[in-house]
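Novice: To start, I am sharing the structure in question, which I have written as structure tokens.
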Amino acid sequence: MNAAAPPGPRTLVAGVGNLFLGDDGFGVEAARLLSGQELPPGVEVADIGIRGVHLAYQLLDGYDTLVLLDATARGGKPGTLYVIDATEPGSRPPPKSVPLDGHRMSPDAVLALLDTLCAGTGAAPPRRTLVVGCEPAAVEEGIGLSPAVAAALPEAVRMVVGLLRDPASGPVHRTGQASV
């Protein structure tokens, strides 16, 4: 646990994804932009990248809220932003056909691992887990975000800052197309 952490609820904003797979790097880029913002006390921003197991273990340090930033394919137009409530413990089973691989863990698998770790250690998972996702255009090998996803970054940062400043605002399951 961070000795300099302020008392009270702690929030982790975690950017996940692979910068070498185009729009899959959305979460990492959004975390980079958020780290330059003035955020409420108790909020930490982390570039997790593809280190899903690291994220699960970091969450054992005791966070009230987790905000995951990730590319999220839900069938919308590229650049569409989503806020998804993923709070329900036990509702996130890891994919059965994929072996546990620390470099290829989806956020669902990380959260399911966290549930398992908490059950084994007596730690508590975050009370609230939100995913701020962006509909990708392409997640093939290549560095750099597509124009639609890059254009959505400023709105994604505004959304996260708004959620952090007004936690009662609650999740919005789908927002409209970000400004392009």
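A note on labels: chains of the structure tokens are A, B, ... as shown, every chain counts residues from 1, and ligands are counted from 1 in their shown order.
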Got a sec: who's within 8 Å of Val139 (chain A), counting only C-alpha atoms, leaving out chain neighbours fewer than 2 positions off, as a list in words?

Specialist: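 Those residues are Leu21, Gly22, Asp23, Asp24, Pro136, Ala137 and Glu141 of chain A.
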
Novice: Just to be explicit: take each residue in the selection above, keep N, CA and C atoms, and write the result as a PDB file, in the first residue's frame.

Specialist:
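Wrote selection.pdb, looks like this:
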```pdb
ATOM      1  N   LEU A  21      -0.896  -3.030 -31.093  1.00  0.00           N
ATOM      2  CA  LEU A  21      -2.057  -3.548 -31.817  1.00  0.00           C
ATOM      3  C   LEU A  21      -3.055  -2.428 -32.111  1.00  0.00           C
ATOM      4  N   GLY A  22      -2.566  -1.345 -32.668  1.00  0.00           N
ATOM      5  CA  GLY A  22      -3.423  -0.250 -33.108  1.00  0.00           C
ATOM      6  C   GLY A  22      -4.328   0.285 -32.016  1.00  0.00           C
ATOM      7  N   ASP A  23      -5.636   0.220 -32.247  1.00  0.00           N
ATOM      8  CA  ASP A  23      -6.610   0.804 -31.322  1.00  0.00           C
ATOM      9  C   ASP A  23      -6.684   0.093 -29.977  1.00  0.00           C
ATOM     10  N   ASP A  24      -6.066  -1.083 -29.852  1.00  0.00           N
ATOM     11  CA  ASP A  24      -6.017  -1.750 -28.548  1.00  0.00           C
ATOM     12  C   ASP A  24      -5.237  -0.897 -27.544  1.00  0.00           C
ATOM     13  N   PRO A 136     -13.124   0.186 -31.159  1.00  0.00           N
ATOM     14  CA  PRO A 136     -11.944   0.275 -32.023  1.00  0.00           C
ATOM     15  C   PRO A 136     -12.319   0.196 -33.502  1.00  0.00           C
ATOM     16  N   ALA A 137     -11.438   0.750 -34.339  1.00  0.00           N
ATOM     17  CA  ALA A 137     -11.576   0.577 -35.788  1.00  0.00           C
ATOM     18  C   ALA A 137     -10.741  -0.615 -36.235  1.00  0.00           C
ATOM     19  N   GLU A 141      -1.708  -5.627 -35.926  1.00  0.00           N
ATOM     20  CA  GLU A 141      -0.362  -5.153 -35.634  1.00  0.00           C
ATOM     21  C   GLU A 141      -0.124  -3.790 -36.252  1.00  0.00           C
TER      22      GLU A 141
END
```

Novice: Please provide as a ChimeraX atom specification all residues within 12 Å of Leu69 (chain A), with the sequence filter that same-chain residues fewer than 3 positions apart are discarded (counting only C-alpha atoms).

Specialist: /A:12-18,24-34,45-49,66,72,81-84,106-107,129-135,153,156-157,159-160

Novice: So how many Å separate CA of Gly122 (chain A) and CA of Leu60 (chain A), to one decimal?

Specialist: 9.4 Å

Novice: In terms of the shortest atom-to-atom distance over only C-alpha atoms, which of A:Ile143, A:Ala123, A:Val67, A:Leu113 is closest to Ala86 (chain A)?

Specialist: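 With only C-alpha atoms as the atom set, the closest residue is A:Val67.
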
Novice: So, counting only C-alpha atoms, which residue among A:Leu39, A:Leu19, A:Ala152, A:Leu59 is closest to Pro126 (chain A)?

Specialist: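 Going through A:Leu39, A:Leu19, A:Ala152, A:Leu59 one by one, the smallest distance to Pro126 (chain A) is for A:Leu59.
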
Novice: With only C-alpha atoms as the basis for distance, which of A:Thr80, A:Ala124, A:Arg74, A:Phe20 is at the shortest distance from Gly144 (chain A)?

Specialist: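 Ranking A:Thr80, A:Ala124, A:Arg74, A:Phe20 by distance to Gly144 (chain A), first place goes to A:Phe20.
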
Novice: For Val161 (chain A), which residue out of A:Gly62, A:Gly8, A:Gly36, A:Gly76 is the nearest one, using only C-alpha atoms?

Specialist: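 Among the listed residues, A:Gly36 lies closest to Val161 (chain A).
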
Novice: CA of Gly79 (chain A) to CA of Ser146 (chain A): how many Å, to one decimal?

Specialist: 8.8 Å

Novice: Quick one: distance from CA of Leu164 (chain A) to CA of Thr116 (chain A) in Å, one decimal?

Specialist: 27.0 Å

Novice: Counting only C-alpha atoms, figure out which residue out of A:Pro154, A:Pro125, A:Pro78, A:Gly162 gets nearest to Ala138 (chain A).

Specialist: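 Of the candidates, the smallest distance to Ala138 (chain A) is held by A:Pro78.
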
Novice: When DSSP works through the backbone of this structure, what residues of region 42-92 of chain A end up as helix (DSSP H, G or I), shown as number ranges by chain?

Specialist: A: 52-59

Novice: For Leu145 (chain A), which residue out of A:Arg10, A:Thr121, A:Val53, A:Ala71 is the nearest one, using only C-alpha atoms?

Specialist: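 Using only C-alpha atoms, Leu145 (chain A) sits closest to A:Ala71.
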